[in-house]
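Containing compact mmCIF, C-alpha atoms and all ligand atoms: my_file.txt.
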# COMPACT_ATOMS: atom_id res chain seq x y z
CA MET F 170 1.78 -6.27 38.14
CA THR F 171 4.62 -3.84 37.72
CA SER F 172 4.01 -0.65 39.64
CA PRO F 173 6.18 2.41 38.94
CA GLY F 174 8.25 2.00 42.11
CA GLN F 175 9.08 -1.64 41.52
CA LYS F 176 12.36 -2.35 39.74
CA SER F 177 12.34 -4.58 36.69
CA PRO F 178 15.43 -5.07 34.52
CA VAL F 179 13.24 -5.10 31.41
CA TRP F 180 13.78 -2.20 29.00
CA HIS F 181 10.57 -2.07 26.97
CA ALA F 182 10.11 -1.19 23.31
CA PHE F 183 8.99 2.38 22.53
CA THR F 184 8.52 3.11 26.25
CA GLN F 185 9.66 6.12 28.28
CA HIS F 186 10.28 4.41 31.62
CA GLY F 187 10.72 7.80 33.29
CA LEU F 188 7.00 8.52 32.99
CA GLY F 189 6.19 5.70 35.38
CA GLU F 190 3.27 4.45 33.31
CA GLU F 191 1.65 1.23 34.43
CA ILE F 192 2.92 -1.83 32.56
CA PRO F 193 0.33 -4.59 33.03
CA LEU F 194 1.58 -8.15 33.46
CA ILE F 195 -0.32 -10.50 31.15
CA ALA F 196 -0.54 -14.18 32.07
CA ARG F 197 -2.51 -15.63 29.16
CA ALA F 198 -4.66 -14.74 26.19
CA SER F 199 -7.39 -16.24 24.07
CA GLY F 200 -9.42 -14.85 21.19
CA ALA F 201 -9.40 -11.07 21.54
CA THR F 202 -8.91 -11.14 25.33
CA LEU F 203 -5.75 -10.61 27.36
CA HIS F 204 -5.90 -11.96 30.92
CA GLY F 205 -3.81 -10.09 33.49
CA ALA F 206 -1.93 -11.93 36.22
CA ASP F 207 -4.06 -10.01 38.74
CA GLY F 208 -7.34 -11.15 37.20
CA ARG F 209 -8.08 -8.03 35.14
CA ARG F 210 -8.91 -8.38 31.45
CA TRP F 211 -8.27 -6.31 28.36
CA ILE F 212 -9.71 -6.47 24.85
CA ASP F 213 -6.83 -6.50 22.39
CA CYS F 214 -8.06 -3.90 19.85
CA ILE F 215 -4.73 -3.66 18.00
CA SER F 216 -3.91 -7.36 17.61
CA SER F 217 -0.88 -7.02 19.90
CA TRP F 218 0.80 -4.60 17.49
CA TRP F 219 -0.79 -5.88 14.30
CA VAL F 220 0.35 -9.49 14.43
CA ILE F 221 -2.60 -11.56 15.71
CA THR F 222 -5.04 -12.22 12.86
CA HIS F 223 -7.54 -14.98 13.79
CA GLY F 224 -7.22 -14.57 17.57
CA HIS F 225 -4.81 -15.28 20.41
CA CYS F 226 -3.87 -18.94 21.00
CA GLU F 227 -5.75 -20.09 17.90
CA PRO F 228 -6.19 -23.85 18.55
CA ARG F 229 -5.02 -25.18 15.15
CA ILE F 230 -1.91 -23.01 15.21
CA GLN F 231 -1.14 -23.97 18.82
CA ALA F 232 -1.55 -27.67 17.96
CA ALA F 233 0.79 -27.36 14.96
CA ILE F 234 3.40 -25.69 17.16
CA ARG F 235 3.17 -28.42 19.81
CA ASP F 236 3.39 -31.14 17.20
CA GLN F 237 6.41 -29.64 15.43
CA THR F 238 8.22 -28.93 18.71
CA ASP F 239 8.42 -32.67 19.37
CA ARG F 240 10.00 -33.42 16.00
CA LEU F 241 12.46 -30.79 14.85
CA ASP F 242 13.24 -27.66 16.82
CA GLN F 243 15.74 -25.78 14.66
CA LEU F 244 17.93 -26.44 11.63
CA ILE F 245 20.65 -24.55 9.79
CA PHE F 246 18.96 -23.28 6.62
CA ALA F 247 22.01 -22.94 4.39
CA GLY F 248 22.45 -26.17 2.43
CA TRP F 249 19.87 -28.05 4.55
CA THR F 250 16.09 -27.99 4.46
CA HIS F 251 12.97 -29.33 6.18
CA GLU F 252 9.40 -30.18 5.28
CA PRO F 253 7.65 -27.28 7.11
CA ALA F 254 9.70 -24.73 5.12
CA GLU F 255 9.22 -26.57 1.80
CA THR F 256 5.46 -26.81 2.35
CA LEU F 257 5.24 -23.19 3.41
CA ALA F 258 7.23 -21.90 0.43
CA ARG F 259 4.96 -23.80 -1.98
CA GLY F 260 1.90 -22.55 -0.09
CA LEU F 261 3.04 -18.92 -0.24
CA VAL F 262 3.83 -19.04 -3.96
CA ALA F 263 0.34 -20.48 -4.55
CA ILE F 264 -1.48 -17.62 -2.81
CA ALA F 265 0.81 -14.65 -3.51
CA PRO F 266 0.28 -12.33 -6.49
CA ALA F 267 1.38 -14.03 -9.73
CA GLY F 268 5.03 -14.20 -10.67
CA LEU F 269 6.53 -14.35 -7.18
CA ASP F 270 8.07 -17.80 -7.46
CA HIS F 271 10.92 -17.64 -4.95
CA VAL F 272 10.69 -17.42 -1.16
CA PHE F 273 13.45 -16.25 1.15
CA PHE F 274 12.76 -16.74 4.86
CA SER F 275 13.84 -14.54 7.76
CA ASP F 276 12.48 -13.70 11.18
CA SER F 277 10.94 -10.23 11.38
CA GLY F 278 9.27 -7.60 9.26
CA SER F 279 12.35 -5.37 9.39
CA THR F 280 14.55 -8.22 8.24
CA SER F 281 12.19 -9.07 5.38
CA VAL F 282 12.59 -5.48 4.19
CA GLU F 283 16.39 -5.52 4.62
CA VAL F 284 16.38 -8.70 2.52
CA ALA F 285 14.24 -6.99 -0.13
CA LEU F 286 16.63 -4.03 -0.35
CA LYS F 287 19.65 -6.34 -0.57
CA MET F 288 17.94 -8.44 -3.27
CA ALA F 289 17.31 -5.26 -5.28
CA LEU F 290 20.92 -4.11 -5.06
CA GLY F 291 22.20 -7.63 -5.80
CA TYR F 292 19.96 -7.78 -8.85
CA TRP F 293 21.42 -4.59 -10.30
CA LEU F 294 25.04 -5.40 -9.45
CA ASN F 295 24.80 -8.90 -10.92
CA ARG F 296 23.31 -7.46 -14.10
CA GLY F 297 26.44 -5.35 -14.40
CA GLU F 298 24.54 -2.09 -13.90
CA PRO F 299 25.12 -1.23 -10.25
CA ARG F 300 22.36 0.91 -8.73
CA HIS F 301 21.74 1.72 -5.10
CA ARG F 302 19.26 4.58 -4.84
CA ILE F 303 15.96 3.69 -3.17
CA LEU F 304 12.74 5.63 -3.67
CA VAL F 305 10.32 5.71 -0.76
CA LEU F 306 6.86 7.03 0.01
CA GLU F 307 6.51 10.00 2.36
CA HIS F 308 5.27 8.93 5.85
CA GLY F 309 6.33 5.33 5.16
CA TYR F 310 7.45 2.88 7.85
CA HIS F 311 9.42 -0.28 7.21
CA GLY F 312 11.05 -1.13 10.54
CA ASP F 313 13.55 0.06 13.14
CA THR F 314 16.89 -1.28 11.91
CA ILE F 315 19.34 1.18 10.34
CA GLY F 316 18.43 0.16 6.78
CA THR F 317 14.68 0.18 7.33
CA MET F 318 14.80 3.48 9.22
CA SER F 319 16.66 4.88 6.21
CA VAL F 320 13.73 4.06 3.92
CA GLY F 321 11.15 5.25 6.46
CA GLU F 322 9.89 8.65 7.57
CA ARG F 323 12.47 10.68 9.49
CA GLY F 324 11.42 12.14 12.84
CA VAL F 325 12.03 12.26 16.56
CA TYR F 326 12.06 8.44 16.71
CA ASN F 327 15.20 8.23 14.57
CA ARG F 328 16.87 11.61 15.09
CA ALA F 329 19.79 10.14 17.09
CA TYR F 330 20.63 7.72 14.28
CA GLN F 331 20.17 10.17 11.41
CA PRO F 332 23.92 10.41 10.63
CA LEU F 333 23.99 6.68 9.87
CA LEU F 334 20.88 6.61 7.68
CA PHE F 335 21.41 6.48 3.93
CA ASP F 336 19.97 9.01 1.54
CA VAL F 337 16.75 8.13 -0.32
CA GLY F 338 14.40 9.80 -2.79
CA THR F 339 11.06 10.66 -1.14
CA ILE F 340 7.89 10.61 -3.23
CA PRO F 341 4.97 12.65 -1.81
CA PHE F 342 2.14 10.68 -0.20
CA PRO F 343 -0.83 10.40 -2.62
CA ALA F 344 -3.38 12.10 -0.36
CA ALA F 345 -6.89 12.33 -1.80
CA GLY F 346 -6.86 14.95 -4.55
CA GLN F 347 -3.05 15.02 -4.73
CA GLU F 348 -2.46 11.75 -6.56
CA GLN F 349 -1.10 13.38 -9.70
CA ALA F 350 1.72 15.11 -7.78
CA ASN F 351 2.73 11.71 -6.39
CA LEU F 352 2.68 10.04 -9.82
CA ASP F 353 4.57 12.89 -11.50
CA ALA F 354 7.25 12.89 -8.79
CA LEU F 355 7.65 9.11 -9.07
CA ASP F 356 7.91 9.27 -12.85
CA ALA F 357 10.53 12.04 -12.69
CA ALA F 358 12.57 10.23 -10.02
CA CYS F 359 12.49 6.97 -12.01
CA ARG F 360 13.64 8.84 -15.08
CA ASN F 361 16.35 11.02 -13.49
CA GLU F 362 17.76 9.23 -10.47
CA ARG F 363 18.52 5.71 -11.75
CA PRO F 364 16.86 4.16 -8.69
CA ALA F 365 17.27 0.47 -7.90
CA ALA F 366 13.82 0.17 -6.37
CA PHE F 367 10.73 1.90 -5.00
CA ILE F 368 9.35 0.58 -1.71
CA VAL F 369 5.71 1.11 -0.63
CA GLU F 370 3.18 -0.02 1.91
CA PRO F 371 0.21 -0.86 -0.35
CA LEU F 372 -3.08 1.03 0.33
CA VAL F 373 -2.39 2.01 3.94
CA LEU F 374 0.64 3.46 5.69
CA GLY F 375 0.42 1.87 9.13
CA ALA F 376 2.89 3.49 11.50
CA GLY F 377 2.61 6.72 9.51
CA GLY F 378 -0.85 7.07 11.07
CA MET F 379 -3.10 4.64 9.15
CA LEU F 380 -2.98 6.89 6.08
CA VAL F 381 -5.12 5.43 3.32
CA TYR F 382 -4.77 5.90 -0.45
CA GLY F 383 -6.51 4.40 -3.47
CA ALA F 384 -5.93 1.13 -5.29
CA GLU F 385 -5.87 2.98 -8.60
CA THR F 386 -2.92 5.08 -7.44
CA LEU F 387 -1.14 1.93 -6.28
CA ALA F 388 -1.68 0.37 -9.72
CA ARG F 389 -0.38 3.51 -11.45
CA MET F 390 2.72 3.69 -9.22
CA ARG F 391 3.44 0.06 -10.06
CA ALA F 392 3.01 0.76 -13.79
CA ILE F 393 5.42 3.71 -13.68
CA CYS F 394 8.10 1.53 -12.05
CA ALA F 395 7.53 -1.23 -14.61
CA ARG F 396 7.84 1.26 -17.46
CA HIS F 397 11.23 2.46 -16.16
CA GLY F 398 12.50 -0.98 -15.11
CA VAL F 399 12.66 0.12 -11.45
CA LEU F 400 12.00 -2.74 -9.02
CA PHE F 401 8.73 -2.39 -7.10
CA ILE F 402 8.86 -3.61 -3.49
CA ALA F 403 5.52 -4.10 -1.72
CA ASP F 404 5.92 -4.13 2.06
CA GLU F 405 2.80 -6.06 3.13
CA VAL F 406 4.17 -6.77 6.60
CA MET F 407 1.13 -5.01 8.10
CA THR F 408 -1.35 -5.01 5.20
CA GLY F 409 -1.04 -8.74 4.46
CA TRP F 410 -3.24 -11.54 5.77
CA GLY F 411 -6.60 -9.86 5.30
CA ARG F 412 -6.18 -6.58 7.14
CA THR F 413 -7.25 -4.45 4.17
CA GLY F 414 -10.15 -6.71 3.16
CA THR F 415 -8.27 -8.95 0.72
CA LEU F 416 -5.60 -11.52 1.55
CA PHE F 417 -2.98 -9.08 0.23
CA ALA F 418 -3.56 -5.38 -0.42
CA CYS F 419 -1.89 -5.65 -3.85
CA GLU F 420 -4.86 -7.74 -5.02
CA GLN F 421 -7.16 -4.70 -4.87
CA ALA F 422 -4.95 -2.93 -7.41
CA GLY F 423 -4.57 -6.08 -9.51
CA ILE F 424 -0.78 -5.81 -9.32
CA SER F 425 2.18 -8.07 -8.70
CA PRO F 426 5.26 -6.47 -7.17
CA ASP F 427 8.79 -7.60 -8.03
CA ILE F 428 9.43 -8.22 -4.32
CA LEU F 429 6.87 -8.84 -1.57
CA CYS F 430 7.62 -8.61 2.17
CA LEU F 431 5.48 -10.62 4.60
CA SER F 432 5.66 -11.13 8.36
CA LYS F 433 3.31 -10.20 11.27
CA GLY F 434 0.21 -12.32 10.41
CA LEU F 435 2.24 -14.97 8.56
CA THR F 436 2.04 -17.30 11.56
CA GLY F 437 -1.32 -15.89 12.63
CA GLY F 438 0.83 -13.82 14.99
CA ALA F 439 1.91 -16.74 17.17
CA LEU F 440 5.64 -16.86 16.36
CA PRO F 441 8.17 -14.59 14.65
CA LEU F 442 8.70 -15.43 10.99
CA ALA F 443 9.06 -13.46 7.76
CA ALA F 444 9.26 -14.16 4.06
CA THR F 445 10.51 -12.09 1.15
CA LEU F 446 9.10 -13.31 -2.17
CA ALA F 447 10.80 -12.44 -5.44
CA THR F 448 10.36 -12.90 -9.18
CA PRO F 449 12.46 -15.30 -11.28
CA ALA F 450 14.28 -12.26 -12.76
CA ILE F 451 15.63 -11.37 -9.32
CA PHE F 452 16.42 -14.96 -8.36
CA ASP F 453 18.06 -15.62 -11.73
CA ALA F 454 20.26 -12.53 -11.42
CA HIS F 455 21.87 -14.31 -8.44
CA LEU F 456 21.97 -17.72 -10.14
CA SER F 457 25.41 -18.68 -11.39
CA ASP F 458 28.27 -21.11 -10.85
CA ASP F 459 30.12 -18.15 -9.37
CA ARG F 460 29.82 -18.14 -5.58
CA ALA F 461 30.45 -14.38 -5.52
CA ARG F 462 27.00 -13.83 -7.09
CA MET F 463 24.96 -15.71 -4.48
CA PHE F 464 22.56 -13.85 -2.18
CA PHE F 465 24.59 -12.98 0.89
CA HIS F 466 22.08 -13.01 3.71
CA SER F 467 21.13 -15.19 6.65
CA SER F 468 19.86 -14.94 10.19
CA SER F 469 20.27 -17.73 12.73
CA TYR F 470 16.57 -18.56 12.96
CA THR F 471 15.85 -18.31 9.23
CA ALA F 472 12.90 -20.63 8.48
CA ASN F 473 12.71 -21.98 12.03
CA PRO F 474 10.71 -25.25 11.67
CA VAL F 475 8.31 -24.50 14.54
CA ALA F 476 7.51 -21.05 13.14
CA CYS F 477 7.04 -22.56 9.66
CA ALA F 478 4.66 -25.15 11.10
CA ALA F 479 2.64 -22.33 12.70
CA ALA F 480 2.53 -20.55 9.33
CA ASN F 481 1.40 -23.74 7.57
CA ALA F 482 -1.46 -24.04 10.07
CA ASN F 483 -2.33 -20.40 9.33
CA LEU F 484 -2.42 -21.12 5.59
CA ALA F 485 -4.66 -24.14 6.23
CA ILE F 486 -7.06 -21.91 8.19
CA TRP F 487 -7.18 -19.51 5.24
CA ARG F 488 -7.86 -22.41 2.84
CA GLU F 489 -10.43 -24.23 4.94
CA GLU F 490 -12.27 -21.69 7.08
CA PRO F 491 -14.50 -18.74 6.07
CA VAL F 492 -11.85 -16.16 7.03
CA MET F 493 -13.01 -13.78 4.29
CA ASP F 494 -16.56 -13.83 5.70
CA ARG F 495 -15.22 -12.98 9.16
CA ILE F 496 -13.29 -10.11 7.63
CA SER F 497 -16.30 -8.66 5.78
CA CYS F 498 -18.36 -9.02 8.91
CA LEU F 499 -15.75 -7.15 10.98
CA ALA F 500 -15.51 -4.46 8.28
CA ALA F 501 -19.28 -3.92 8.41
CA MET F 502 -19.26 -3.78 12.22
CA GLN F 503 -16.48 -1.18 12.14
CA ASP F 504 -18.44 0.92 9.60
CA GLU F 505 -21.61 0.99 11.70
CA ARG F 506 -19.75 2.07 14.81
CA LEU F 507 -17.62 4.65 12.99
CA ALA F 508 -20.78 6.14 11.50
CA ALA F 509 -22.30 6.41 14.99
CA LEU F 510 -19.41 8.71 15.98
CA ASP F 511 -20.80 11.30 13.56
CA GLY F 512 -21.20 14.66 15.23
CA ARG F 513 -18.52 14.09 17.86
CA GLY F 514 -16.71 17.35 17.19
CA ARG F 515 -13.42 16.21 18.61
CA ILE F 516 -13.20 13.19 16.32
CA ARG F 517 -12.15 13.97 12.75
CA ALA F 518 -11.14 12.16 9.59
CA ARG F 519 -12.87 8.86 10.31
CA ARG F 520 -11.75 6.23 7.83
CA ARG F 521 -11.88 2.50 7.31
CA ILE F 522 -10.09 0.09 5.06
CA GLY F 523 -10.85 -3.62 5.38
CA THR F 524 -10.78 -4.51 9.06
CA ILE F 525 -8.97 -1.31 10.12
CA ALA F 526 -10.77 1.78 11.44
CA ALA F 527 -8.96 5.02 12.28
CA MET F 528 -9.76 8.59 13.33
CA GLU F 529 -8.03 11.73 14.57
CA PHE F 530 -8.63 13.29 17.96
CA VAL F 531 -8.45 17.05 17.60
CA GLU F 532 -6.18 18.71 20.19
CA GLY F 533 -2.45 18.77 20.66
CA LYS F 534 0.10 19.04 17.91
CA GLY F 535 -0.77 15.84 16.14
CA ASP F 536 2.77 14.51 16.13
CA TYR F 537 3.90 11.22 17.63
CA LEU F 538 4.92 12.84 20.91
CA SER F 539 1.63 14.68 21.35
CA ALA F 540 0.72 14.51 25.05
CA LEU F 541 -2.71 13.23 24.07
CA GLY F 542 -1.34 9.82 23.03
CA PRO F 543 -0.19 8.60 26.47
CA ARG F 544 -3.29 10.07 28.16
CA LEU F 545 -5.60 8.26 25.77
CA ASN F 546 -3.52 5.13 26.21
CA ALA F 547 -4.00 5.21 30.00
CA PHE F 548 -7.67 6.14 29.64
CA PHE F 549 -8.32 3.07 27.47
CA ARG F 550 -6.15 0.79 29.59
CA ASP F 551 -8.21 1.74 32.66
CA ARG F 552 -11.35 0.75 30.74
CA GLY F 553 -10.19 -2.74 29.84
CA LEU F 554 -8.88 -1.97 26.37
CA LEU F 555 -5.52 -2.37 24.67
CA LEU F 556 -5.98 0.53 22.27
CA ARG F 557 -2.69 2.33 21.84
CA PRO F 558 -3.07 5.53 19.82
CA MET F 559 -0.26 6.85 17.61
CA GLY F 560 -0.14 10.50 18.62
CA ASN F 561 -3.67 11.78 18.02
CA THR F 562 -4.59 8.89 15.74
CA VAL F 563 -6.88 6.41 17.45
CA TYR F 564 -7.30 3.22 15.47
CA LEU F 565 -8.75 -0.25 15.85
CA LEU F 566 -6.96 -3.09 14.11
CA PRO F 567 -8.49 -6.05 15.93
CA PRO F 568 -8.17 -9.81 15.51
CA TYR F 569 -10.90 -11.16 13.24
CA CYS F 570 -12.61 -13.02 16.10
CA ILE F 571 -13.51 -9.84 18.02
CA SER F 572 -17.20 -9.83 18.92
CA ALA F 573 -19.80 -7.10 18.37
CA ALA F 574 -20.02 -6.63 22.14
CA GLU F 575 -16.27 -6.23 22.46
CA LEU F 576 -16.23 -3.66 19.64
CA ASP F 577 -19.12 -1.83 21.34
CA GLN F 578 -17.06 -1.59 24.50
CA ALA F 579 -14.14 -0.12 22.53
CA TYR F 580 -16.29 2.44 20.70
CA ALA F 581 -18.09 3.42 23.91
CA ALA F 582 -14.70 4.21 25.46
CA ILE F 583 -13.72 6.22 22.38
CA GLU F 584 -16.91 8.28 22.71
CA GLU F 585 -16.27 8.75 26.39
CA ALA F 586 -12.68 9.84 25.68
CA ALA F 587 -13.92 12.37 23.13
CA GLU F 588 -16.04 13.94 25.91
CA ALA F 589 -13.60 13.60 28.78
CA ILE F 590 -10.16 14.32 27.40
CA GLY F 591 -9.30 17.87 26.42
C1 LIG T 1 5.75 -3.63 11.61
C2 LIG T 1 6.22 -3.31 10.26
C3 LIG T 1 7.52 -3.61 9.86
C4 LIG T 1 8.57 -4.15 10.82
O1 LIG T 1 8.24 -5.40 11.29
P1 LIG T 1 8.99 -5.97 12.61
O2 LIG T 1 8.55 -7.39 12.69
O3 LIG T 1 8.50 -5.12 13.75
O4 LIG T 1 10.45 -5.81 12.40
C5 LIG T 1 7.88 -3.38 8.54
N1 LIG T 1 7.00 -2.86 7.68
C6 LIG T 1 5.75 -2.54 8.03
C7 LIG T 1 4.82 -1.99 7.00
C8 LIG T 1 5.31 -2.73 9.34
O5 LIG T 1 4.07 -2.38 9.70
Would you give me this structure, written as structure tokens?
Ligand SMILES: *Cc1c(COP(=O)(O)O)cnc(C)c1O
Amino acid sequence: MTSPGQKSPVWHAFTQHGLGEEIPLIARASGATLHGADGRRWIDCISSWWVITHGHCEPRIQAAIRDQTDRLDQLIFAGWTHEPAETLARGLVAIAPAGLDHVFFSDSGSTSVEVALKMALGYWLNRGEPRHRILVLEHGYHGDTIGTMSVGERGVYNRAYQPLLFDVGTIPFPAAGQEQANLDALDAACRNERPAAFIVEPLVLGAGGMLVYGAETLARMRAICARHGVLFIADEVMTGWGRTGTLFACEQAGISPDILCLSKGLTGGALPLAATLATPAIFDAHLSDDRARMFFHSSSYTANPVACAAANANLAIWREEPVMDRISCLAAMQDERLAALDGRGRIRARRRIGTIAAMEFVEGKGDYLSALGPRLNAFFRDRGLLLRPMGNTVYLLPPYCISAAELDQAYAAIEEAAEAIG
């Protein structure tokens, strides 16, 4: 237990240490439950920041990790290879949208996006038509490195770094009823700005506040890019692995991107790993006997064998277990409970896509720094829930093993918060 007065050298992610908020010490986890070192328990309603899919310490994934750890811990992945990575690459090509035949490994969602952007620029340069402009979707989020912040929404969280961020073309978010403005802006930008690529989070913008848009719009955005020869990058770092009700969100629009970014649930959430999948056109643009045309990217832990083994176990779970049934069941449970919030005046804009439910708490300014966020956070933490709102947006993005009783506990606390917090 870390109490505010106690000194820890740890500098936490997205944490204002000056507020002295409690930072619980977690000793172990299983399923949807986090066990505190002091014996308290929390229900993990946000999958430990969107990574855990099946549940914490999933036995098959844990066993695969143990087994691989005894055999090969780490290997340089330039000019050398190993079975876990080969198996995983074949497995990913088999389940990804059609046409994504090449797999480049890295180690985080941000890196998978950086790789995607570099692939796009390499593609254009090697074709002898250099292009560097990137089109992005308003309210998008793709990571916290300089490159990924550049293609994400600008705000208080990146104000200090603004001078280093590169310029992009921003396409308005296709809010319900405003889809045509989005499509027109994309078409005009593709025509006039010679962009290298357009990057999107398919169907739901996660860190932007769980903003949902339709599969038809996604399909039309993809078609516009195809018509203009602009590369279409789907960032499925959050939406992948069943979150939106299908294995990948792109499936609902019946589309294949030119580049697909995967991470978070790739290992079931157990270990850091990422993959950027690309079409033969992009791979072939780098293929030559000229070393100057190769793809210049690596990170030390690229395709770490233990992480790849965890991902292979995850793929086996998807192949062999009724994961889709669990997902539909969770979706239905979320719907029932969201519907029961009807009439709570302070809760607005209830929405659900796949396993994700979200709503807005009225009050405050609605931005990320709204004072309501930390208060709700503490309120839920005191009631045994890891449920970390983004500003006024309260959302549940749970592991697929969460039980009806656990969800009831979460929704009861949300109702209570709607009464108690003003
Ligand atoms: C989380 C996220 C990322 C960044 O992933 P990290 O592993 O945190 O670097 C990128 N894109 C999307 C859509 C995300 O949700």
Original post:
When the cut-off is 10 Å and you count all atoms listed in the file, which residues lie near ligand LIG 1 (chain T), shown as a PyMOL selection string?
Top reply: chain F and resi 218-220+276-283+309-314+317-318+321+369-371+373-377+403-409+430-434+441-443
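You can rank F:Ala267, F:Cys498, F:Leu306, F:Ala472 by their closest distance to His251 (chain F) using all atoms listed in the file, and at the top of that list sits F:Ala472.
Each of F:Leu554, F:Ala509, F:Val492, F:Ile424 was compared to Arg389 (chain F) using all atoms listed in the file, and F:Ile424 turns out to be the nearest.
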**OP:** To one decimal in Å, tell me the separation between CA of Cys214 (chain F) and CA of Pro567 (chain F).
**Re:** 4.5 Å
Original post:
Between F:Phe273, F:Tyr569, F:Phe246, F:Trp487, which has the minimum distance to Ala258 (chain F) (counting only C-alpha atoms)?
Top reply: F:Phe273
**OP:** Could you give me, as a PyMOL selection string, the residues within 12 Å of Thr415 (chain F), counting all atoms listed in the file and dropping anything in the same chain fewer than 4 positions from it?
**Re:** chain F and resi 264-266+371-372+384+405+408-411+419-423+487+492-497+500+522-524
**OP:** May I have the residues within 10 Å of His225 (chain F) as a PyMOL selection string, using all atoms listed in the file and disregarding those fewer than 6 positions away in the same chain?
**Re:** chain F and resi 197-203+213+216-217+231+437-439+568+570
Original post:
Neighbours of Asp427 (chain F) within 9 Å (all atoms listed in the file; same-chain residues fewer than 3 positions away dropped), as a ChimeraX atom specification?
Top reply: /F:268-269,400-403,446-448,450-451
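Atom to atom, CA of Arg296 (chain F) and CA of Val337 (chain F) stand 21.8 Å apart.
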**OP:** Write out as a list in words each polymer residue whose atoms come within 8 Å of region 345-355 of chain F, counting all atoms listed in the file; drop sequence neighbours fewer than 4 positions from it.
**Re:** Ile340, Pro341, Cys359, Tyr382, Thr386, Arg389, Met390 and Ile393 of chain F
Original post:
What separation in Å, quoted to one decimal, exists between CA of Ala263 (chain F) and CA of Arg391 (chain F)?
Top reply: 21.5 Å
**OP:** Show which residues sit within 9 Å of region 578-582 of chain F, as a list in words. Count all atoms listed in the file, and ignore same-chain residues fewer than 3 positions away.
**Re:** Ile212, Cys214, Arg506, Leu507, Leu510, Phe548, Phe549, Arg552, Gly553, Leu554, Leu556, Leu565, Ala573, Ala574, Glu575, Glu585, Ala586 and Ala587 of chain F
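Minimum distance to Arg259 (chain F) across F:Cys477, F:Ile516, F:Leu334, F:Ala501 (counting all atoms listed in the file) occurs at F:Cys477.
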Original post:
Nearest to Ala289 (chain F): which of F:His186, F:Arg488, F:Arg328, F:Gly398 is it, counting all atoms listed in the file?
Top reply: F:Gly398
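The nearest approach to Met502 (chain F) among the residues F:Arg517, F:Ala485, F:Asp577, F:Gly560, with all atoms listed in the file taken into account, belongs to F:Asp577.
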Work out where the centre of an axis-aligned box around every listed atom of region 467-472 of chain F lies and how long its edges are once 3 Å is added on each side; give both in Å to one decimal as JSON.
{"center_x": 17.0, "center_y": -17.8, "center_z": 9.8, "size_x": 14.2, "size_y": 11.7, "size_z": 12.3}
